[in-house]
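Next up, target_8.pdb (PDB, N, CA and C atoms):
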ATOM      1  N   MET A 229      -7.456 -12.776  11.331  1.00  0.00           N
ATOM      2  CA  MET A 229      -7.757 -11.823  10.289  1.00  0.00           C
ATOM      3  C   MET A 229      -6.527 -11.549   9.458  1.00  0.00           C
ATOM      4  N   SER A 230      -6.709 -11.510   8.211  1.00  0.00           N
ATOM      5  CA  SER A 230      -5.595 -11.219   7.321  1.00  0.00           C
ATOM      6  C   SER A 230      -5.835  -9.887   6.633  1.00  0.00           C
ATOM      7  N   LEU A 231      -4.784  -9.126   6.476  1.00  0.00           N
ATOM      8  CA  LEU A 231      -4.888  -7.835   5.808  1.00  0.00           C
ATOM      9  C   LEU A 231      -4.535  -7.914   4.339  1.00  0.00           C
ATOM     10  N   TYR A 232      -4.198  -9.071   3.855  1.00  0.00           N
ATOM     11  CA  TYR A 232      -3.759  -9.228   2.478  1.00  0.00           C
ATOM     12  C   TYR A 232      -4.948  -9.115   1.539  1.00  0.00           C
ATOM     13  N   SER A 233      -4.875  -8.166   0.620  1.00  0.00           N
ATOM     14  CA  SER A 233      -5.988  -7.935  -0.299  1.00  0.00           C
ATOM     15  C   SER A 233      -5.727  -8.499  -1.686  1.00  0.00           C
ATOM     16  N   GLY A 234      -4.550  -9.088  -1.888  1.00  0.00           N
ATOM     17  CA  GLY A 234      -4.250  -9.667  -3.191  1.00  0.00           C
ATOM     18  C   GLY A 234      -3.530  -8.739  -4.143  1.00  0.00           C
ATOM     19  N   LYS A 235      -3.303  -7.482  -3.778  1.00  0.00           N
ATOM     20  CA  LYS A 235      -2.652  -6.521  -4.663  1.00  0.00           C
ATOM     21  C   LYS A 235      -1.360  -6.005  -4.033  1.00  0.00           C
ATOM     22  N   MET A 236      -0.430  -6.885  -3.719  1.00  0.00           N
ATOM     23  CA  MET A 236       0.805  -6.467  -3.077  1.00  0.00           C
ATOM     24  C   MET A 236       1.849  -6.088  -4.113  1.00  0.00           C
ATOM     25  N   PRO A 237       2.419  -4.895  -3.991  1.00  0.00           N
ATOM     26  CA  PRO A 237       3.494  -4.510  -4.890  1.00  0.00           C
ATOM     27  C   PRO A 237       4.802  -5.205  -4.495  1.00  0.00           C
ATOM     28  N   ILE A 238       5.793  -5.063  -5.315  1.00  0.00           N
ATOM     29  CA  ILE A 238       7.072  -5.739  -5.113  1.00  0.00           C
ATOM     30  C   ILE A 238       7.764  -5.294  -3.831  1.00  0.00           C
ATOM     31  N   LYS A 239       7.569  -4.073  -3.372  1.00  0.00           N
ATOM     32  CA  LYS A 239       8.259  -3.542  -2.197  1.00  0.00           C
ATOM     33  C   LYS A 239       7.857  -4.211  -0.885  1.00  0.00           C
ATOM     34  N   ASP A 240       6.807  -4.969  -0.862  1.00  0.00           N
ATOM     35  CA  ASP A 240       6.319  -5.630   0.344  1.00  0.00           C
ATOM     36  C   ASP A 240       7.361  -6.604   0.889  1.00  0.00           C
ATOM     37  N   THR A 241       7.563  -6.567   2.205  1.00  0.00           N
ATOM     38  CA  THR A 241       8.434  -7.537   2.854  1.00  0.00           C
ATOM     39  C   THR A 241       7.681  -8.192   3.995  1.00  0.00           C
ATOM     40  N   LYS A 242       8.173  -9.331   4.409  1.00  0.00           N
ATOM     41  CA  LYS A 242       7.534 -10.040   5.514  1.00  0.00           C
ATOM     42  C   LYS A 242       7.568  -9.193   6.784  1.00  0.00           C
ATOM     43  N   ASP A 243       8.675  -8.501   7.042  1.00  0.00           N
ATOM     44  CA  ASP A 243       8.777  -7.652   8.234  1.00  0.00           C
ATOM     45  C   ASP A 243       7.760  -6.513   8.204  1.00  0.00           C
ATOM     46  N   GLN A 244       7.573  -5.911   7.024  1.00  0.00           N
ATOM     47  CA  GLN A 244       6.572  -4.853   6.904  1.00  0.00           C
ATOM     48  C   GLN A 244       5.185  -5.396   7.206  1.00  0.00           C
ATOM     49  N   ARG A 245       4.889  -6.547   6.655  1.00  0.00           N
ATOM     50  CA  ARG A 245       3.582  -7.156   6.845  1.00  0.00           C
ATOM     51  C   ARG A 245       3.338  -7.479   8.315  1.00  0.00           C
ATOM     52  N   LEU A 246       4.338  -8.077   8.969  1.00  0.00           N
ATOM     53  CA  LEU A 246       4.196  -8.430  10.380  1.00  0.00           C
ATOM     54  C   LEU A 246       4.054  -7.193  11.256  1.00  0.00           C
ATOM     55  N   GLY A 247       4.828  -6.159  10.955  1.00  0.00           N
ATOM     56  CA  GLY A 247       4.726  -4.913  11.709  1.00  0.00           C
ATOM     57  C   GLY A 247       3.373  -4.256  11.545  1.00  0.00           C
ATOM     58  N   PHE A 248       2.877  -4.253  10.328  1.00  0.00           N
ATOM     59  CA  PHE A 248       1.582  -3.639  10.083  1.00  0.00           C
ATOM     60  C   PHE A 248       0.464  -4.449  10.736  1.00  0.00           C
ATOM     61  N   GLU A 249       0.582  -5.766  10.681  1.00  0.00           N
ATOM     62  CA  GLU A 249      -0.424  -6.600  11.332  1.00  0.00           C
ATOM     63  C   GLU A 249      -0.406  -6.389  12.848  1.00  0.00           C
ATOM     64  N   ALA A 250       0.780  -6.198  13.426  1.00  0.00           N
ATOM     65  CA  ALA A 250       0.883  -5.906  14.857  1.00  0.00           C
ATOM     66  C   ALA A 250       0.194  -4.570  15.174  1.00  0.00           C
ATOM     67  N   LEU A 251       0.392  -3.573  14.305  1.00  0.00           N
ATOM     68  CA  LEU A 251      -0.287  -2.286  14.474  1.00  0.00           C
ATOM     69  C   LEU A 251      -1.799  -2.469  14.418  1.00  0.00           C
ATOM     70  N   PHE A 252      -2.265  -3.217  13.428  1.00  0.00           N
ATOM     71  CA  PHE A 252      -3.694  -3.490  13.271  1.00  0.00           C
ATOM     72  C   PHE A 252      -4.256  -4.124  14.542  1.00  0.00           C
ATOM     73  N   LEU A 253      -3.591  -5.144  15.033  1.00  0.00           N
ATOM     74  CA  LEU A 253      -4.086  -5.857  16.209  1.00  0.00           C
ATOM     75  C   LEU A 253      -4.031  -4.998  17.468  1.00  0.00           C
ATOM     76  N   SER A 254      -3.039  -4.133  17.571  1.00  0.00           N
ATOM     77  CA  SER A 254      -2.937  -3.290  18.767  1.00  0.00           C
ATOM     78  C   SER A 254      -4.007  -2.196  18.794  1.00  0.00           C
ATOM     79  N   LYS A 255      -4.487  -1.772  17.657  1.00  0.00           N
ATOM     80  CA  LYS A 255      -5.494  -0.701  17.584  1.00  0.00           C
ATOM     81  C   LYS A 255      -6.910  -1.212  17.353  1.00  0.00           C
ATOM     82  N   TYR A 256      -7.038  -2.472  16.995  1.00  0.00           N
ATOM     83  CA  TYR A 256      -8.336  -3.022  16.609  1.00  0.00           C
ATOM     84  C   TYR A 256      -9.393  -2.860  17.701  1.00  0.00           C
ATOM     85  N   ARG A 257      -9.065  -3.197  18.919  1.00  0.00           N
ATOM     86  CA  ARG A 257     -10.049  -3.157  20.004  1.00  0.00           C
ATOM     87  C   ARG A 257     -10.617  -1.747  20.210  1.00  0.00           C
ATOM     88  N   ALA A 258      -9.739  -0.745  20.195  1.00  0.00           N
ATOM     89  CA  ALA A 258     -10.204   0.635  20.377  1.00  0.00           C
ATOM     90  C   ALA A 258     -11.104   1.061  19.212  1.00  0.00           C
ATOM     91  N   PHE A 259     -10.681   0.749  17.977  1.00  0.00           N
ATOM     92  CA  PHE A 259     -11.509   1.084  16.819  1.00  0.00           C
ATOM     93  C   PHE A 259     -12.841   0.344  16.848  1.00  0.00           C
ATOM     94  N   PHE A 260     -12.800  -0.930  17.235  1.00  0.00           N
ATOM     95  CA  PHE A 260     -14.038  -1.710  17.279  1.00  0.00           C
ATOM     96  C   PHE A 260     -14.992  -1.141  18.317  1.00  0.00           C
ATOM     97  N   SER A 261     -14.468  -0.798  19.477  1.00  0.00           N
ATOM     98  CA  SER A 261     -15.304  -0.246  20.538  1.00  0.00           C
ATOM     99  C   SER A 261     -16.004   1.028  20.077  1.00  0.00           C
ATOM    100  N   LEU A 262     -15.261   1.928  19.476  1.00  0.00           N
ATOM    101  CA  LEU A 262     -15.847   3.172  18.976  1.00  0.00           C
ATOM    102  C   LEU A 262     -16.841   2.907  17.851  1.00  0.00           C
ATOM    103  N   GLY A 263     -16.444   2.083  16.889  1.00  0.00           N
ATOM    104  CA  GLY A 263     -17.325   1.784  15.757  1.00  0.00           C
ATOM    105  C   GLY A 263     -18.609   1.112  16.178  1.00  0.00           C
ATOM    106  N   TYR A 264     -18.505   0.200  17.137  1.00  0.00           N
ATOM    107  CA  TYR A 264     -19.709  -0.504  17.603  1.00  0.00           C
ATOM    108  C   TYR A 264     -20.641   0.434  18.357  1.00  0.00           C
ATOM    109  N   LYS A 265     -20.079   1.378  19.090  1.00  0.00           N
ATOM    110  CA  LYS A 265     -20.924   2.372  19.780  1.00  0.00           C
ATOM    111  C   LYS A 265     -21.722   3.192  18.770  1.00  0.00           C
ATOM    112  N   LEU A 266     -21.114   3.460  17.624  1.00  0.00           N
ATOM    113  CA  LEU A 266     -21.779   4.274  16.605  1.00  0.00           C
ATOM    114  C   LEU A 266     -22.787   3.493  15.769  1.00  0.00           C
ATOM    115  N   SER A 267     -22.485   2.237  15.451  1.00  0.00           N
ATOM    116  CA  SER A 267     -23.353   1.514  14.513  1.00  0.00           C
ATOM    117  C   SER A 267     -24.181   0.395  15.137  1.00  0.00           C
ATOM    118  N   ARG A 268     -23.706  -0.182  16.235  1.00  0.00           N
ATOM    119  CA  ARG A 268     -24.368  -1.336  16.881  1.00  0.00           C
ATOM    120  C   ARG A 268     -24.484  -2.541  15.949  1.00  0.00           C
ATOM    121  N   ASN A 269     -23.587  -2.608  14.966  1.00  0.00           N
ATOM    122  CA  ASN A 269     -23.578  -3.724  14.029  1.00  0.00           C
ATOM    123  C   ASN A 269     -22.160  -4.285  13.988  1.00  0.00           C
ATOM    124  N   ARG A 270     -21.963  -5.445  14.600  1.00  0.00           N
ATOM    125  CA  ARG A 270     -20.618  -6.025  14.724  1.00  0.00           C
ATOM    126  C   ARG A 270     -19.964  -6.293  13.373  1.00  0.00           C
ATOM    127  N   GLU A 271     -20.675  -6.934  12.469  1.00  0.00           N
ATOM    128  CA  GLU A 271     -20.084  -7.282  11.174  1.00  0.00           C
ATOM    129  C   GLU A 271     -19.724  -6.040  10.361  1.00  0.00           C
ATOM    130  N   PHE A 272     -20.595  -5.064  10.359  1.00  0.00           N
ATOM    131  CA  PHE A 272     -20.319  -3.815   9.657  1.00  0.00           C
ATOM    132  C   PHE A 272     -19.080  -3.141  10.243  1.00  0.00           C
ATOM    133  N   THR A 273     -19.005  -3.086  11.564  1.00  0.00           N
ATOM    134  CA  THR A 273     -17.865  -2.465  12.234  1.00  0.00           C
ATOM    135  C   THR A 273     -16.567  -3.182  11.871  1.00  0.00           C
ATOM    136  N   LYS A 274     -16.572  -4.510  11.901  1.00  0.00           N
ATOM    137  CA  LYS A 274     -15.372  -5.283  11.536  1.00  0.00           C
ATOM    138  C   LYS A 274     -14.976  -5.008  10.086  1.00  0.00           C
ATOM    139  N   ASP A 275     -15.940  -4.971   9.192  1.00  0.00           N
ATOM    140  CA  ASP A 275     -15.658  -4.735   7.771  1.00  0.00           C
ATOM    141  C   ASP A 275     -15.063  -3.345   7.536  1.00  0.00           C
ATOM    142  N   VAL A 276     -15.607  -2.347   8.216  1.00  0.00           N
ATOM    143  CA  VAL A 276     -15.110  -0.978   8.042  1.00  0.00           C
ATOM    144  C   VAL A 276     -13.678  -0.868   8.550  1.00  0.00           C
ATOM    145  N   ILE A 277     -13.396  -1.453   9.709  1.00  0.00           N
ATOM    146  CA  ILE A 277     -12.043  -1.394  10.264  1.00  0.00           C
ATOM    147  C   ILE A 277     -11.064  -2.106   9.342  1.00  0.00           C
ATOM    148  N   GLN A 278     -11.431  -3.273   8.877  1.00  0.00           N
ATOM    149  CA  GLN A 278     -10.526  -4.014   8.001  1.00  0.00           C
ATOM    150  C   GLN A 278     -10.307  -3.257   6.688  1.00  0.00           C
ATOM    151  N   SER A 279     -11.354  -2.691   6.128  1.00  0.00           N
ATOM    152  CA  SER A 279     -11.215  -1.912   4.891  1.00  0.00           C
ATOM    153  C   SER A 279     -10.295  -0.714   5.088  1.00  0.00           C
ATOM    154  N   PHE A 280     -10.441  -0.057   6.224  1.00  0.00           N
ATOM    155  CA  PHE A 280      -9.596   1.090   6.542  1.00  0.00           C
ATOM    156  C   PHE A 280      -8.123   0.677   6.578  1.00  0.00           C
ATOM    157  N   PHE A 281      -7.828  -0.413   7.284  1.00  0.00           N
ATOM    158  CA  PHE A 281      -6.444  -0.846   7.394  1.00  0.00           C
ATOM    159  C   PHE A 281      -5.887  -1.380   6.075  1.00  0.00           C
ATOM    160  N   VAL A 282      -6.712  -2.016   5.275  1.00  0.00           N
ATOM    161  CA  VAL A 282      -6.252  -2.472   3.953  1.00  0.00           C
ATOM    162  C   VAL A 282      -5.888  -1.265   3.096  1.00  0.00           C
ATOM    163  N   GLU A 283      -6.728  -0.251   3.098  1.00  0.00           N
ATOM    164  CA  GLU A 283      -6.431   0.952   2.316  1.00  0.00           C
ATOM    165  C   GLU A 283      -5.171   1.639   2.836  1.00  0.00           C
ATOM    166  N   LEU A 284      -5.039   1.727   4.138  1.00  0.00           N
ATOM    167  CA  LEU A 284      -3.847   2.315   4.740  1.00  0.00           C
ATOM    168  C   LEU A 284      -2.601   1.523   4.370  1.00  0.00           C
ATOM    169  N   TRP A 285      -2.688   0.196   4.400  1.00  0.00           N
ATOM    170  CA  TRP A 285      -1.574  -0.683   4.033  1.00  0.00           C
ATOM    171  C   TRP A 285      -1.163  -0.447   2.580  1.00  0.00           C
ATOM    172  N   GLU A 286      -2.137  -0.411   1.701  1.00  0.00           N
ATOM    173  CA  GLU A 286      -1.833  -0.237   0.281  1.00  0.00           C
ATOM    174  C   GLU A 286      -1.175   1.107   0.015  1.00  0.00           C
ATOM    175  N   LYS A 287      -1.632   2.149   0.677  1.00  0.00           N
ATOM    176  CA  LYS A 287      -1.016   3.464   0.508  1.00  0.00           C
ATOM    177  C   LYS A 287       0.391   3.481   1.091  1.00  0.00           C
ATOM    178  N   GLU A 288       0.599   2.855   2.229  1.00  0.00           N
ATOM    179  CA  GLU A 288       1.917   2.814   2.860  1.00  0.00           C
ATOM    180  C   GLU A 288       2.923   2.092   1.964  1.00  0.00           C
ATOM    181  N   ILE A 289       2.551   0.970   1.428  1.00  0.00           N
ATOM    182  CA  ILE A 289       3.454   0.189   0.587  1.00  0.00           C
ATOM    183  C   ILE A 289       3.817   0.968  -0.674  1.00  0.00           C
ATOM    184  N   TRP A 290       2.832   1.596  -1.291  1.00  0.00           N
ATOM    185  CA  TRP A 290       3.108   2.312  -2.532  1.00  0.00           C
ATOM    186  C   TRP A 290       3.929   3.579  -2.286  1.00  0.00           C
ATOM    187  N   LEU A 291       3.820   4.159  -1.096  1.00  0.00           N
ATOM    188  CA  LEU A 291       4.557   5.376  -0.799  1.00  0.00           C
ATOM    189  C   LEU A 291       5.964   5.101  -0.281  1.00  0.00           C
ATOM    190  N   SER A 292       6.213   3.897   0.215  1.00  0.00           N
ATOM    191  CA  SER A 292       7.530   3.621   0.817  1.00  0.00           C
ATOM    192  C   SER A 292       8.597   3.376  -0.229  1.00  0.00           C
TER
END

Rewrite the coordinates I just gave you, this time as structure tokens.
Amino acid sequence: MSLYSGKMPIKDTKDQRLGFEALFLSKYRAFFSLGYKLSRNREFTKDVIQSFFVELWEKEIWLS
């Protein structure tokens, strides 16, 4: 899974990207488990989690 949405500002670095992807992967299972319990739809749950992390990434980059 890639978190790159195509709108990366200049402040983005490879280390930031790798760190954020590590965060995403470390929390993904817990978020998926909770989301799947609520929706029972695997694809929807995956899309919501990825959208959440993309939005979080974009806000983090612009604020840093």

Item to complete: Would you kindly translate the PyMOL selection byres (((chain A and resi 280 and name CA) around 12) and name CA) into the concrete residues it picks from this file, as a list in words?
Response: Leu231, Ser233, Phe252, Lys255, Tyr256, Phe259, Phe260, Thr273, Lys274, Asp275, Val276, Ile277, Gln278, Ser279, Phe281, Val282, Glu283, Leu284, Trp285, Glu286 and Lys287 of chain A

What box, with edges along x, y and z, holds each listed atom of stretch 272-276 of chain A when 8 Å is added on every side, and can you state its centre and edge lengths in Å to one decimal, as lines of an AutoDock Vina configuration file?
center_x = -17.1
center_y = -3.1
center_z = 9.9
size_x = 22.9
size_y = 20.4
size_z = 20.7

Item to complete: Would you work out the distance separating atom N of A:Lys265 from atom C of A:Leu253, expressed in Å to one decimal?
Response: 17.3 Å

Could you rebuild stretch 242-253 of chain A with all heavy atoms and give me the result as a CSV table (one decimal), in the coordinates of the input?
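Result saved to part.csv:
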chain,number,residue,atom,x,y,z
A,242,LYS,N,8.2,-9.3,4.4
A,242,LYS,CA,7.5,-10.0,5.5
A,242,LYS,C,7.6,-9.2,6.8
A,242,LYS,O,6.6,-9.2,7.5
A,242,LYS,CB,8.2,-11.4,5.7
A,242,LYS,CG,7.6,-12.2,6.8
A,242,LYS,CD,8.2,-13.6,6.9
A,242,LYS,CE,7.5,-14.4,8.0
A,242,LYS,NZ,8.1,-15.7,8.2
A,243,ASP,N,8.7,-8.5,7.0
A,243,ASP,CA,8.8,-7.7,8.2
A,243,ASP,C,7.8,-6.5,8.2
A,243,ASP,O,7.2,-6.2,9.2
A,243,ASP,CB,10.2,-7.1,8.4
A,243,ASP,CG,11.2,-8.1,8.8
A,243,ASP,OD1,10.8,-9.2,9.3
A,243,ASP,OD2,12.4,-7.9,8.5
A,244,GLN,N,7.6,-5.9,7.0
A,244,GLN,CA,6.6,-4.9,6.9
A,244,GLN,C,5.2,-5.4,7.2
A,244,GLN,O,4.4,-4.8,7.9
A,244,GLN,CB,6.6,-4.3,5.5
A,244,GLN,CG,7.7,-3.3,5.2
A,244,GLN,CD,7.7,-2.9,3.8
A,244,GLN,OE1,7.5,-3.7,2.9
A,244,GLN,NE2,8.0,-1.6,3.6
A,245,ARG,N,4.9,-6.5,6.7
A,245,ARG,CA,3.6,-7.2,6.8
A,245,ARG,C,3.3,-7.5,8.3
A,245,ARG,O,2.3,-7.2,8.9
A,245,ARG,CB,3.5,-8.4,6.0
A,245,ARG,CG,2.1,-8.8,5.6
A,245,ARG,CD,2.0,-9.9,4.6
A,245,ARG,NE,3.0,-9.8,3.6
A,245,ARG,CZ,3.6,-10.8,3.1
A,245,ARG,NH1,3.4,-12.0,3.4
A,245,ARG,NH2,4.5,-10.6,2.1
A,246,LEU,N,4.3,-8.1,9.0
A,246,LEU,CA,4.2,-8.4,10.4
A,246,LEU,C,4.1,-7.2,11.3
A,246,LEU,O,3.2,-7.2,12.2
A,246,LEU,CB,5.4,-9.3,10.8
A,246,LEU,CG,5.5,-10.7,10.2
A,246,LEU,CD1,6.7,-11.4,10.7
A,246,LEU,CD2,4.2,-11.5,10.6
A,247,GLY,N,4.8,-6.2,11.0
A,247,GLY,CA,4.7,-4.9,11.7
A,247,GLY,C,3.4,-4.3,11.5
A,247,GLY,O,2.8,-3.8,12.5
A,248,PHE,N,2.9,-4.3,10.3
A,248,PHE,CA,1.6,-3.6,10.1
A,248,PHE,C,0.5,-4.4,10.7
A,248,PHE,O,-0.5,-3.9,11.3
A,248,PHE,CB,1.3,-3.5,8.6
A,248,PHE,CG,0.2,-2.5,8.3
A,248,PHE,CD1,0.5,-1.2,8.3
A,248,PHE,CD2,-1.0,-2.9,8.0
A,248,PHE,CE1,-0.5,-0.2,8.0
A,248,PHE,CE2,-2.1,-2.0,7.7
A,248,PHE,CZ,-1.8,-0.7,7.8
A,249,GLU,N,0.6,-5.8,10.7
A,249,GLU,CA,-0.4,-6.6,11.3
A,249,GLU,C,-0.4,-6.4,12.8
A,249,GLU,O,-1.5,-6.4,13.5
A,249,GLU,CB,-0.2,-8.1,11.0
A,249,GLU,CG,-1.5,-8.9,11.3
A,249,GLU,CD,-1.6,-10.2,10.5
A,249,GLU,OE1,-0.9,-10.3,9.5
A,249,GLU,OE2,-2.3,-11.0,11.0
A,250,ALA,N,0.8,-6.2,13.4
A,250,ALA,CA,0.9,-5.9,14.9
A,250,ALA,C,0.2,-4.6,15.2
A,250,ALA,O,-0.5,-4.4,16.2
A,250,ALA,CB,2.3,-5.9,15.3
A,251,LEU,N,0.4,-3.6,14.3
A,251,LEU,CA,-0.3,-2.3,14.5
A,251,LEU,C,-1.8,-2.5,14.4
A,251,LEU,O,-2.5,-2.0,15.3
A,251,LEU,CB,0.2,-1.3,13.4
A,251,LEU,CG,-0.6,0.0,13.3
A,251,LEU,CD1,-0.3,0.8,14.6
A,251,LEU,CD2,-0.2,0.8,12.1
A,252,PHE,N,-2.3,-3.2,13.4
A,252,PHE,CA,-3.7,-3.5,13.3
A,252,PHE,C,-4.3,-4.1,14.5
A,252,PHE,O,-5.3,-3.7,15.1
A,252,PHE,CB,-3.9,-4.4,12.1
A,252,PHE,CG,-5.3,-4.9,11.9
A,252,PHE,CD1,-6.3,-4.1,11.4
A,252,PHE,CD2,-5.6,-6.2,12.3
A,252,PHE,CE1,-7.6,-4.6,11.2
A,252,PHE,CE2,-6.9,-6.7,12.2
A,252,PHE,CZ,-7.9,-5.9,11.6
A,253,LEU,N,-3.6,-5.1,15.0
A,253,LEU,CA,-4.1,-5.9,16.2
A,253,LEU,C,-4.0,-5.0,17.5
A,253,LEU,O,-4.9,-5.1,18.3
A,253,LEU,CB,-3.3,-7.2,16.4
A,253,LEU,CG,-3.5,-8.2,15.3
A,253,LEU,CD1,-2.6,-9.4,15.5
A,253,LEU,CD2,-5.0,-8.7,15.2
